[in-house]
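What follows is my_file31.cif (mmCIF, C-alpha atoms and all ligand atoms).
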```cif
data_run
loop_
_atom_site.label_atom_id
_atom_site.label_comp_id
_atom_site.auth_asym_id
_atom_site.auth_seq_id
_atom_site.Cartn_x
_atom_site.Cartn_y
_atom_site.Cartn_z
CA MET P 19 -28.21 -153.31 -98.96
CA SER P 20 -28.80 -152.91 -95.24
CA ALA P 21 -31.22 -150.37 -93.83
CA PRO P 22 -29.70 -146.99 -92.94
CA ALA P 23 -29.75 -145.89 -89.31
CA LEU P 24 -31.61 -142.72 -90.20
CA SER P 25 -34.10 -141.57 -92.83
CA VAL P 26 -35.03 -137.91 -93.19
CA VAL P 27 -38.38 -137.50 -94.95
CA ILE P 28 -39.28 -134.14 -96.50
CA PRO P 29 -42.47 -133.24 -98.42
CA CYS P 30 -41.92 -130.39 -100.91
CA TYR P 31 -44.39 -128.25 -102.80
CA ASN P 32 -42.89 -125.41 -104.85
CA GLU P 33 -39.75 -125.29 -102.71
CA ALA P 34 -37.12 -125.09 -105.49
CA ALA P 35 -35.48 -122.06 -103.85
CA CYS P 36 -35.02 -123.95 -100.56
CA LEU P 37 -33.72 -127.26 -101.88
CA ALA P 38 -29.95 -126.63 -102.13
CA GLU P 39 -29.74 -125.08 -98.66
CA LEU P 40 -32.08 -127.76 -97.29
CA HIS P 41 -29.89 -130.52 -98.72
CA ARG P 42 -26.73 -128.95 -97.29
CA ARG P 43 -28.10 -128.43 -93.77
CA VAL P 44 -29.99 -131.72 -93.53
CA SER P 45 -26.96 -133.68 -94.80
CA ALA P 46 -24.71 -132.04 -92.21
CA ALA P 47 -27.17 -132.76 -89.38
CA ALA P 48 -27.74 -136.35 -90.50
CA ARG P 49 -23.99 -136.96 -90.76
CA ALA P 50 -23.48 -135.50 -87.29
CA SER P 51 -25.90 -137.97 -85.74
CA ALA P 52 -25.72 -141.06 -87.96
CA GLY P 53 -22.34 -140.89 -89.70
CA ASP P 54 -22.63 -142.32 -93.21
CA SER P 55 -25.66 -144.42 -92.45
CA TYR P 56 -28.51 -142.15 -93.50
CA GLU P 57 -30.81 -141.41 -96.43
CA ILE P 58 -32.73 -138.29 -97.37
CA VAL P 59 -36.14 -138.84 -98.96
CA LEU P 60 -37.53 -135.84 -100.83
CA VAL P 61 -41.12 -136.00 -102.07
CA ASN P 62 -42.13 -133.67 -104.86
CA ASP P 63 -45.85 -133.04 -104.33
CA GLY P 64 -46.70 -131.87 -107.85
CA SER P 65 -44.66 -128.66 -107.70
CA ARG P 66 -44.89 -126.22 -110.63
CA ASP P 67 -41.60 -124.43 -110.04
CA GLY P 68 -38.78 -126.74 -111.11
CA SER P 69 -38.48 -128.49 -107.73
CA TRP P 70 -38.43 -131.88 -109.44
CA ALA P 71 -35.58 -130.97 -111.80
CA ALA P 72 -33.61 -129.61 -108.82
CA MET P 73 -34.26 -132.84 -106.87
CA GLN P 74 -33.09 -135.01 -109.77
CA ASP P 75 -29.89 -132.94 -109.92
CA LEU P 76 -29.30 -133.42 -106.21
CA ALA P 77 -30.01 -137.17 -106.50
CA ARG P 78 -27.47 -137.52 -109.31
CA ASN P 79 -24.72 -136.12 -107.10
CA ASP P 80 -25.67 -137.67 -103.77
CA GLU P 81 -26.16 -141.41 -103.49
CA ARG P 82 -27.86 -140.91 -100.10
CA LEU P 83 -30.66 -138.91 -101.64
CA VAL P 84 -33.88 -140.43 -102.92
CA ALA P 85 -36.42 -138.29 -104.72
CA ILE P 86 -40.04 -139.27 -105.32
CA ASN P 87 -42.19 -137.48 -107.84
CA LEU P 88 -45.93 -137.73 -107.22
CA SER P 89 -48.24 -137.66 -110.22
CA ARG P 90 -49.88 -134.39 -109.03
CA ASN P 91 -50.34 -132.31 -105.89
CA HIS P 92 -51.77 -134.74 -103.33
CA GLY P 93 -51.41 -132.43 -100.32
CA HIS P 94 -48.87 -132.20 -97.51
CA GLN P 95 -50.06 -135.16 -95.44
CA LEU P 96 -50.24 -137.59 -98.36
CA ALA P 97 -46.87 -136.46 -99.75
CA LEU P 98 -45.42 -137.12 -96.33
CA THR P 99 -47.08 -140.55 -96.29
CA ALA P 100 -45.48 -141.39 -99.64
CA GLY P 101 -42.02 -140.58 -98.23
CA LEU P 102 -42.68 -142.52 -95.04
CA ASP P 103 -43.86 -145.55 -97.04
CA LEU P 104 -40.70 -145.59 -99.08
CA CYS P 105 -38.04 -144.80 -96.47
CA SER P 106 -36.17 -147.67 -94.88
CA GLY P 107 -34.26 -146.18 -91.92
CA GLU P 108 -34.24 -147.51 -88.36
CA ARG P 109 -35.10 -144.01 -87.15
CA ILE P 110 -37.10 -141.51 -89.11
CA LEU P 111 -36.99 -137.72 -88.94
CA ILE P 112 -39.91 -135.79 -90.46
CA ILE P 113 -39.11 -132.20 -91.34
CA ASP P 114 -40.52 -129.39 -93.55
CA ALA P 115 -38.69 -128.28 -96.66
CA ASP P 116 -38.68 -124.57 -95.79
CA LEU P 117 -36.15 -124.87 -92.92
CA GLN P 118 -38.61 -123.48 -90.37
CA ASP P 119 -37.71 -126.54 -88.34
CA PRO P 120 -33.92 -126.39 -87.82
CA PRO P 121 -32.27 -129.69 -88.89
CA GLU P 122 -29.43 -128.90 -86.48
CA LEU P 123 -31.68 -130.02 -83.60
CA LEU P 124 -31.46 -133.63 -84.80
CA PRO P 125 -28.52 -134.74 -82.61
CA GLN P 126 -30.32 -133.36 -79.53
CA MET P 127 -33.52 -135.15 -80.51
CA VAL P 128 -31.60 -138.40 -80.97
CA ALA P 129 -29.97 -137.91 -77.56
CA GLU P 130 -33.41 -137.28 -76.04
CA MET P 131 -34.78 -140.45 -77.66
CA ASP P 132 -31.89 -142.50 -76.23
CA ALA P 133 -32.00 -140.92 -72.78
CA GLN P 134 -35.76 -141.36 -72.37
CA GLY P 135 -36.05 -144.67 -74.18
CA ALA P 136 -38.75 -143.04 -76.31
CA ASP P 137 -40.27 -144.14 -79.61
CA VAL P 138 -41.27 -140.64 -80.62
CA VAL P 139 -39.63 -137.29 -79.90
CA TYR P 140 -42.03 -134.57 -81.10
CA ALA P 141 -40.95 -130.97 -81.43
CA VAL P 142 -43.15 -128.39 -79.69
CA ARG P 143 -43.11 -124.82 -80.98
CA ARG P 144 -42.13 -122.43 -78.22
CA ALA P 145 -42.07 -119.40 -80.51
CA ARG P 146 -42.85 -118.98 -84.20
CA ALA P 147 -40.87 -116.39 -86.12
CA GLY P 148 -42.05 -114.77 -89.34
CA GLU P 149 -45.64 -115.96 -89.18
CA THR P 150 -48.71 -113.75 -89.23
CA HIS P 151 -50.70 -113.01 -86.08
CA PHE P 152 -53.65 -114.64 -87.80
CA LYS P 153 -51.73 -117.89 -88.38
CA LYS P 154 -50.40 -117.99 -84.82
CA ALA P 155 -53.78 -117.17 -83.26
CA THR P 156 -55.76 -119.68 -85.35
CA ALA P 157 -53.15 -122.38 -84.73
CA LYS P 158 -53.28 -121.74 -81.00
CA ILE P 159 -57.10 -121.92 -80.86
CA PHE P 160 -57.13 -124.96 -83.17
CA TYR P 161 -54.82 -127.13 -81.03
CA ARG P 162 -56.69 -126.22 -77.84
CA LEU P 163 -60.12 -126.86 -79.34
CA LEU P 164 -58.90 -130.15 -80.79
CA SER P 165 -57.58 -131.35 -77.45
CA ARG P 166 -60.98 -130.65 -75.86
CA LEU P 167 -62.84 -132.53 -78.58
CA THR P 168 -60.78 -135.71 -78.72
CA ASP P 169 -59.85 -138.52 -76.36
CA VAL P 170 -56.45 -139.05 -77.98
CA GLU P 171 -53.84 -136.82 -76.37
CA ILE P 172 -52.66 -134.85 -79.36
CA PRO P 173 -49.80 -132.61 -78.19
CA LEU P 174 -50.47 -128.85 -78.24
CA ASP P 175 -48.47 -126.70 -80.69
CA ALA P 176 -46.57 -129.60 -82.26
CA GLY P 177 -46.32 -129.96 -86.04
CA ASP P 178 -45.03 -132.94 -87.98
CA PHE P 179 -41.39 -132.20 -87.05
CA ARG P 180 -40.51 -135.32 -85.07
CA LEU P 181 -38.14 -138.25 -84.72
CA MET P 182 -39.68 -141.72 -84.73
CA SER P 183 -38.51 -145.28 -84.22
CA ARG P 184 -39.10 -147.87 -86.93
CA ARG P 185 -41.74 -149.68 -84.88
CA ALA P 186 -43.68 -146.45 -84.28
CA LEU P 187 -43.52 -145.67 -88.01
CA ASP P 188 -44.67 -149.16 -88.97
CA ALA P 189 -47.59 -148.78 -86.58
CA LEU P 190 -48.43 -145.41 -88.13
CA LEU P 191 -48.30 -146.85 -91.64
CA SER P 192 -50.72 -149.58 -90.64
CA LEU P 193 -53.50 -146.97 -90.28
CA PRO P 194 -55.31 -147.03 -93.63
CA GLU P 195 -57.37 -143.84 -93.58
CA GLN P 196 -57.49 -141.42 -96.50
CA ALA P 197 -58.04 -138.24 -94.47
CA ARG P 198 -54.67 -138.23 -92.75
CA PHE P 199 -53.89 -135.95 -89.84
CA ILE P 200 -50.48 -137.43 -89.21
CA ARG P 201 -49.57 -135.65 -85.97
CA GLY P 202 -52.80 -137.00 -84.45
CA MET P 203 -52.29 -140.48 -85.87
CA VAL P 204 -48.81 -140.67 -84.36
CA ALA P 205 -50.29 -139.73 -80.97
CA TRP P 206 -52.92 -142.44 -81.41
CA VAL P 207 -50.25 -145.09 -82.06
CA GLY P 208 -48.95 -144.71 -78.50
CA PHE P 209 -45.59 -146.00 -77.17
CA ARG P 210 -43.44 -143.60 -75.20
CA GLN P 211 -43.62 -140.13 -76.74
CA VAL P 212 -41.69 -137.19 -75.33
CA PRO P 213 -41.81 -133.47 -76.18
CA PHE P 214 -38.85 -131.40 -77.30
CA ALA P 215 -39.23 -127.60 -77.16
CA TYR P 216 -37.80 -125.42 -79.93
CA ASP P 217 -38.18 -122.01 -81.54
CA ARG P 218 -39.59 -122.13 -85.03
CA ALA P 219 -37.58 -120.13 -87.54
CA GLU P 220 -38.74 -118.08 -90.48
CA ARG P 221 -39.15 -119.66 -93.88
CA PHE P 222 -35.80 -119.80 -95.70
CA SER P 223 -37.48 -118.70 -98.92
CA GLY P 224 -40.91 -118.45 -100.55
CA VAL P 225 -44.35 -118.18 -98.97
CA THR P 226 -46.50 -120.57 -96.98
CA LYS P 227 -48.08 -123.40 -98.98
CA TYR P 228 -50.99 -123.45 -96.52
CA PRO P 229 -53.49 -120.79 -97.62
CA LEU P 230 -56.70 -120.39 -95.59
CA GLY P 231 -58.63 -122.97 -97.63
CA LYS P 232 -56.03 -125.68 -96.97
CA MET P 233 -55.86 -124.72 -93.29
CA ILE P 234 -59.64 -125.17 -92.96
CA SER P 235 -59.72 -128.59 -94.64
CA PHE P 236 -56.70 -129.66 -92.56
CA ALA P 237 -58.55 -128.63 -89.39
CA LEU P 238 -61.74 -130.40 -90.50
CA ASP P 239 -59.76 -133.60 -91.21
CA ALA P 240 -58.28 -133.36 -87.73
CA VAL P 241 -61.60 -132.84 -85.95
CA THR P 242 -63.62 -135.38 -87.92
CA GLY P 243 -60.78 -137.90 -87.82
CA PHE P 244 -60.37 -137.78 -84.08
CA SER P 245 -63.72 -136.84 -82.61
CA THR P 246 -67.42 -137.46 -83.02
CA ALA P 247 -68.29 -134.63 -80.61
CA PRO P 248 -69.69 -132.43 -83.42
CA LEU P 249 -72.19 -135.18 -84.25
CA ARG P 250 -73.27 -135.29 -80.63
CA LEU P 251 -73.67 -131.52 -80.77
CA ALA P 252 -76.75 -132.08 -82.94
CA SER P 253 -78.64 -133.87 -80.19
CA HIS P 254 -77.54 -131.28 -77.61
CA ILE P 255 -78.81 -128.43 -79.74
CA GLY P 256 -82.04 -130.36 -80.31
CA LEU P 257 -82.54 -130.76 -76.57
CA TRP P 258 -82.04 -127.05 -75.88
CA LEU P 259 -84.45 -126.17 -78.68
CA VAL P 260 -87.14 -128.41 -77.15
CA GLY P 261 -86.76 -126.46 -73.90
CA ALA P 262 -86.95 -123.16 -75.76
CA SER P 263 -90.09 -124.18 -77.66
CA LEU P 264 -91.84 -125.13 -74.41
CA LEU P 265 -91.24 -121.58 -73.15
CA LEU P 266 -92.45 -120.22 -76.45
CA LEU P 267 -95.59 -122.32 -76.20
CA LEU P 268 -96.28 -120.76 -72.82
CA TYR P 269 -95.81 -117.29 -74.28
CA ILE P 270 -98.20 -118.04 -77.16
CA ALA P 271 -100.82 -119.40 -74.78
CA ILE P 272 -100.66 -116.23 -72.68
CA GLY P 273 -100.96 -114.06 -75.82
CA TRP P 274 -103.94 -116.05 -77.01
CA LEU P 275 -105.69 -115.80 -73.62
CA SER P 276 -105.17 -112.03 -73.46
CA GLY P 277 -106.46 -111.59 -77.03
CA SER P 278 -103.37 -110.00 -78.61
CA THR P 279 -102.43 -112.69 -81.13
CA ILE P 280 -101.86 -110.62 -84.29
CA GLN P 281 -98.61 -109.12 -83.07
CA GLY P 282 -95.48 -111.24 -83.16
CA TRP P 283 -94.21 -111.12 -86.72
CA THR P 284 -90.76 -110.26 -85.39
CA SER P 285 -90.57 -113.15 -82.98
CA LEU P 286 -91.96 -115.48 -85.65
CA MET P 287 -89.29 -114.43 -88.13
CA LEU P 288 -86.61 -114.83 -85.47
CA VAL P 289 -87.67 -118.37 -84.74
CA VAL P 290 -87.79 -119.27 -88.44
CA VAL P 291 -84.38 -117.79 -89.17
CA ILE P 292 -82.65 -119.22 -86.09
CA LEU P 293 -84.15 -122.67 -86.55
CA GLY P 294 -83.19 -122.65 -90.23
CA ALA P 295 -79.61 -121.68 -89.43
CA VAL P 296 -79.23 -124.28 -86.71
CA GLN P 297 -80.63 -127.00 -88.96
CA MET P 298 -78.30 -126.08 -91.79
CA PHE P 299 -75.30 -126.07 -89.46
CA VAL P 300 -76.12 -129.46 -88.03
CA LEU P 301 -76.85 -130.91 -91.46
CA GLY P 302 -73.53 -129.54 -92.70
CA MET P 303 -71.71 -131.16 -89.80
CA ILE P 304 -73.32 -134.50 -90.58
CA GLY P 305 -72.43 -133.95 -94.23
CA GLU P 306 -68.74 -133.52 -93.34
CA TYR P 307 -68.69 -136.97 -91.76
CA LEU P 308 -70.81 -138.53 -94.49
CA GLY P 309 -68.52 -137.16 -97.21
CA ARG P 310 -65.50 -138.60 -95.47
CA LEU P 311 -67.22 -141.97 -95.04
CA TYR P 312 -67.85 -141.95 -98.78
CA ILE P 313 -64.22 -141.14 -99.56
CA GLU P 314 -62.95 -143.87 -97.20
CA ALA P 315 -65.42 -146.37 -98.68
CA LYS P 316 -63.87 -145.93 -102.13
CA ARG P 317 -60.54 -147.24 -100.82
CA ARG P 318 -58.46 -145.51 -103.44
CA PRO P 319 -54.67 -145.55 -103.12
CA LEU P 320 -53.46 -142.61 -101.02
CA TYR P 321 -51.19 -141.21 -103.73
CA ILE P 322 -49.75 -142.11 -107.12
CA VAL P 323 -46.00 -142.11 -107.75
CA SER P 324 -44.85 -140.94 -111.14
CA ASP P 325 -41.03 -141.30 -110.94
CA ILE P 326 -38.32 -142.17 -108.44
CA ALA P 327 -34.77 -140.88 -108.70
CA GLY P 328 -31.80 -142.08 -106.69
CA ARG P 329 -30.78 -145.42 -105.36
CA ALA P 330 -34.27 -146.42 -104.23
CA ALA P 331 -35.40 -146.41 -107.85
CA GLY P 332 -35.58 -150.20 -107.67
CA ARG P 333 -38.26 -150.31 -104.99
CA PRO P 334 -41.35 -148.63 -106.38
CA GLN P 335 -44.44 -148.50 -104.19
CA LEU P 336 -47.89 -147.36 -105.14
CA GLY P 337 -49.89 -146.24 -102.13
CA HIS P 338 -51.39 -148.85 -99.87
N1 LIG O 401 -46.41 -129.06 -98.64
C1 LIG O 401 -46.65 -130.11 -99.52
N2 LIG O 401 -47.82 -130.12 -100.25
C2 LIG O 401 -48.75 -129.12 -100.14
C3 LIG O 401 -48.50 -128.07 -99.22
C4 LIG O 401 -47.32 -128.07 -98.49
O1 LIG O 401 -45.84 -131.03 -99.66
O2 LIG O 401 -49.78 -129.19 -100.83
C5 LIG O 401 -45.14 -129.05 -97.87
C6 LIG O 401 -44.32 -127.77 -97.98
O3 LIG O 401 -43.47 -127.80 -99.09
C7 LIG O 401 -43.57 -127.78 -96.67
C8 LIG O 401 -44.56 -128.42 -95.70
O4 LIG O 401 -45.49 -129.12 -96.51
O5 LIG O 401 -42.40 -128.58 -96.72
C9 LIG O 401 -45.25 -127.41 -94.82
O6 LIG O 401 -45.81 -126.37 -95.60
P1 LIG O 401 -45.60 -124.84 -95.25
O7 LIG O 401 -44.22 -124.60 -94.75
O8 LIG O 401 -45.99 -124.01 -96.45
O9 LIG O 401 -46.69 -124.63 -94.11
P2 LIG O 401 -46.55 -123.63 -92.85
O10 LIG O 401 -45.22 -123.85 -92.23
O11 LIG O 401 -46.72 -122.26 -93.41
O12 LIG O 401 -47.69 -124.04 -91.97
MG MG O 402 -43.43 -123.69 -93.21
#
```
With the file now loaded, output its structure as structure tokens.
Amino acid sequence: MSAPALSVVIPCYNEAACLAELHRRVSAAARASAGDSYEIVLVNDGSRDGSWAAMQDLARNDERLVAINLSRNHGHQLALTAGLDLCSGERILIIDADLQDPPELLPQMVAEMDAQGADVVYAVRRARAGETHFKKATAKIFYRLLSRLTDVEIPLDAGDFRLMSRRALDALLSLPEQARFIRGMVAWVGFRQVPFAYDRAERFSGVTKYPLGKMISFALDAVTGFSTAPLRLASHIGLWLVGASLLLLLYIAIGWLSGSTIQGWTSLMLVVVILGAVQMFVLGMIGEYLGRLYIEAKRRPLYIVSDIAGRAAGRPQLGH
């Protein structure tokens, strides 16, 4: 069994309503750019809505489809990692299950990869339809803040929708970390990476699987994974506070000399409250890194596979 020219890897969490349409459109796009030599790898990330049954059905009727069932919800980035570990194509397309990233762009992305001799063609969102102002605004701020904090050039406004060469994917899979911010890790890998602008569509069906809580932990993984600037912030704040306390010392000395030392409850409280808040913030920041160090130190597998359906059933893989 030789490796297919193209693998399309799709993480799915409660996307049952999208799967049939997804399969139809992705198959058409894959056929248009790779003929018969492609595979579609669907990863069920512990869905509770019948996604797995729908995937098994699709796999029964399409020998090019491989479906992986994870043992529980491991999160978007780990589900994606599971699919990337298992796929075997020479080129790999990563795409969301909700059809916000149009599969029809694939032939253009392949053409771009060939024309530029690139290892990665990453799709940059020009416009985003059907998303809340809050989501768009926080995403915009997030990517800009991230690029200021890190030395790795992580592209602005690009998600995981991208086409990669086998050697870029193998390099990506050699990074062992647990807290995976894949779009940043791909940037870190290097090689020639070129942007590809597109307009993001609305979800085909269902609602976002990224509520605020998941967005925050995703952002924290990105920042802590790619920057130690927040740790340095602690010493900066400390330095400024030393300067401030020198001024305060002067103020106290003047008060003492002029005999009006009883006053000052307000300023005292202010100092106590502000100092307390700053210390808590800095401690929390250190805690974020420490917690991640602890998780990495355990070296657990990244995900656990429960079942595999389709023709890849003979090559089970359990994490790293
Ligand atoms: N996803 C996943 N596991 C999760 C959350 C999301 O596999 O715990 C998948 C989801 O099915 C989709 C992709 O990750 O294919 C992106 O999620 P979504 O479209 O909900 O995010 P948004 O586009 O709203 O940022
Ligand atoms: Mg989406």
Sel. within 12 Å of pt (-41.6, -141.4, -95.9), counting only C-alpha atoms, output as JSON, numbers by chain: {"P": [24, 25, 26, 27, 28, 29, 57, 58, 59, 60, 61, 62, 84, 85, 86, 94, 95, 96, 97, 98, 99, 100, 101, 102, 103, 104, 105, 106, 107, 109, 110, 111, 112, 113, 182, 184, 187, 188, 190, 191, 200, 335, 337]}
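Our summary of the geometry notes that atom CA of P:Asn87 is positioned 7.2 Å from atom CA of P:Gly64.
When the distance limit is 12 Å and all atoms listed in the file are what count, the residues near P:Glu306, minus those fewer than 2 positions from it on the same chain, are Ala197, Ser235, Ala237, Leu238, Asp239, Ala240, Val241, Thr242, Gly243, Thr246, Pro248, Leu249, Phe299, Val300, Leu301, Gly302, Met303, Ile304, Leu308, Gly309, Arg310, Leu311, Tyr312 and Ile313 of chain P.
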Selection as a ChimeraX atom specification: residues within 8 Å of (-43.6, -127.9, -78.5), counting all atoms listed in the file: /P:140-144,173-176,213-216
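Shortest atom-to-atom contact with P:Ser51 among P:Leu123, P:Leu83, P:Ala21, P:Ala77: P:Leu123, counting all atoms listed in the file.
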Using only C-alpha atoms and all ligand atoms, tabulate the residues of chain P lying at most 10 Å from any atom of ligand MG 402 (chain O), each with its closest atom pair and that distance in Å to one decimal, by chain and increasing residue number, as JSON lines.
```
{"residue": "P:Ile113", "atom": "CA", "partner": "O:MG402", "partner_atom": "MG", "distance": 9.7}
{"residue": "P:Asp114", "atom": "CA", "partner": "O:MG402", "partner_atom": "MG", "distance": 6.4}
{"residue": "P:Ala115", "atom": "CA", "partner": "O:MG402", "partner_atom": "MG", "distance": 7.4}
{"residue": "P:Asp116", "atom": "CA", "partner": "O:MG402", "partner_atom": "MG", "distance": 5.5}
{"residue": "P:Leu117", "atom": "CA", "partner": "O:MG402", "partner_atom": "MG", "distance": 7.4}
{"residue": "P:Gln118", "atom": "CA", "partner": "O:MG402", "partner_atom": "MG", "distance": 5.6}
{"residue": "P:Asp119", "atom": "CA", "partner": "O:MG402", "partner_atom": "MG", "distance": 8.0}
{"residue": "P:Gly148", "atom": "CA", "partner": "O:MG402", "partner_atom": "MG", "distance": 9.8}
{"residue": "P:Glu149", "atom": "CA", "partner": "O:MG402", "partner_atom": "MG", "distance": 9.0}
{"residue": "P:Gly177", "atom": "CA", "partner": "O:MG402", "partner_atom": "MG", "distance": 10.0}
{"residue": "P:Arg218", "atom": "CA", "partner": "O:MG402", "partner_atom": "MG", "distance": 9.2}
{"residue": "P:Ala219", "atom": "CA", "partner": "O:MG402", "partner_atom": "MG", "distance": 8.9}
{"residue": "P:Glu220", "atom": "CA", "partner": "O:MG402", "partner_atom": "MG", "distance": 7.8}
{"residue": "P:Arg221", "atom": "CA", "partner": "O:MG402", "partner_atom": "MG", "distance": 5.9}
{"residue": "P:Phe222", "atom": "CA", "partner": "O:MG402", "partner_atom": "MG", "distance": 8.9}
{"residue": "P:Ser223", "atom": "CA", "partner": "O:MG402", "partner_atom": "MG", "distance": 9.6}
{"residue": "P:Gly224", "atom": "CA", "partner": "O:MG402", "partner_atom": "MG", "distance": 9.4}
{"residue": "P:Val225", "atom": "CA", "partner": "O:MG402", "partner_atom": "MG", "distance": 8.0}
{"residue": "P:Thr226", "atom": "CA", "partner": "O:MG402", "partner_atom": "MG", "distance": 5.8}
{"residue": "P:Lys227", "atom": "CA", "partner": "O:MG402", "partner_atom": "MG", "distance": 7.4}
{"residue": "P:Tyr228", "atom": "CA", "partner": "O:MG402", "partner_atom": "MG", "distance": 8.3}
```
Size and centre in Å, one decimal, axis-aligned box, all listed ligand LIG 401 (chain O) atoms plus 6 Å per side, as lines of an AutoDock Vina configuration file:
```
center_x = -46.1
center_y = -126.6
center_z = -96.4
size_x = 19.4
size_y = 20.8
size_z = 20.9
```
Residues within 10 Å of P:Ala46, please, as an mmCIF file with C-alpha atoms, in the frame of the given file. Count all atoms listed in the file; anything in the same chain fewer than 5 positions from it doesn't count.
```cif
data_model
loop_
_atom_site.group_PDB
_atom_site.id
_atom_site.type_symbol
_atom_site.label_atom_id
_atom_site.label_comp_id
_atom_site.auth_asym_id
_atom_site.auth_seq_id
_atom_site.Cartn_x
_atom_site.Cartn_y
_atom_site.Cartn_z
ATOM 1 C CA LEU P 40 -32.080 -127.760 -97.290
ATOM 2 C CA HIS P 41 -29.890 -130.520 -98.720
ATOM 3 C CA SER P 51 -25.900 -137.970 -85.740
ATOM 4 C CA GLY P 53 -22.340 -140.890 -89.700
ATOM 5 C CA PRO P 121 -32.270 -129.690 -88.890
ATOM 6 C CA GLU P 122 -29.430 -128.900 -86.480
#
```
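What separates atom CA of P:Leu76 from atom CA of P:Ala47 is a distance of 17.0 Å.
The space separating atom CA of P:Gln134 from atom CA of P:Gly208 comes to 14.9 Å.
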Using all atoms listed in the file: which of P:Leu286, P:Met233, P:Ile322, P:Ala129 has the shortest distance to ligand LIG 401 (chain O): P:Met233
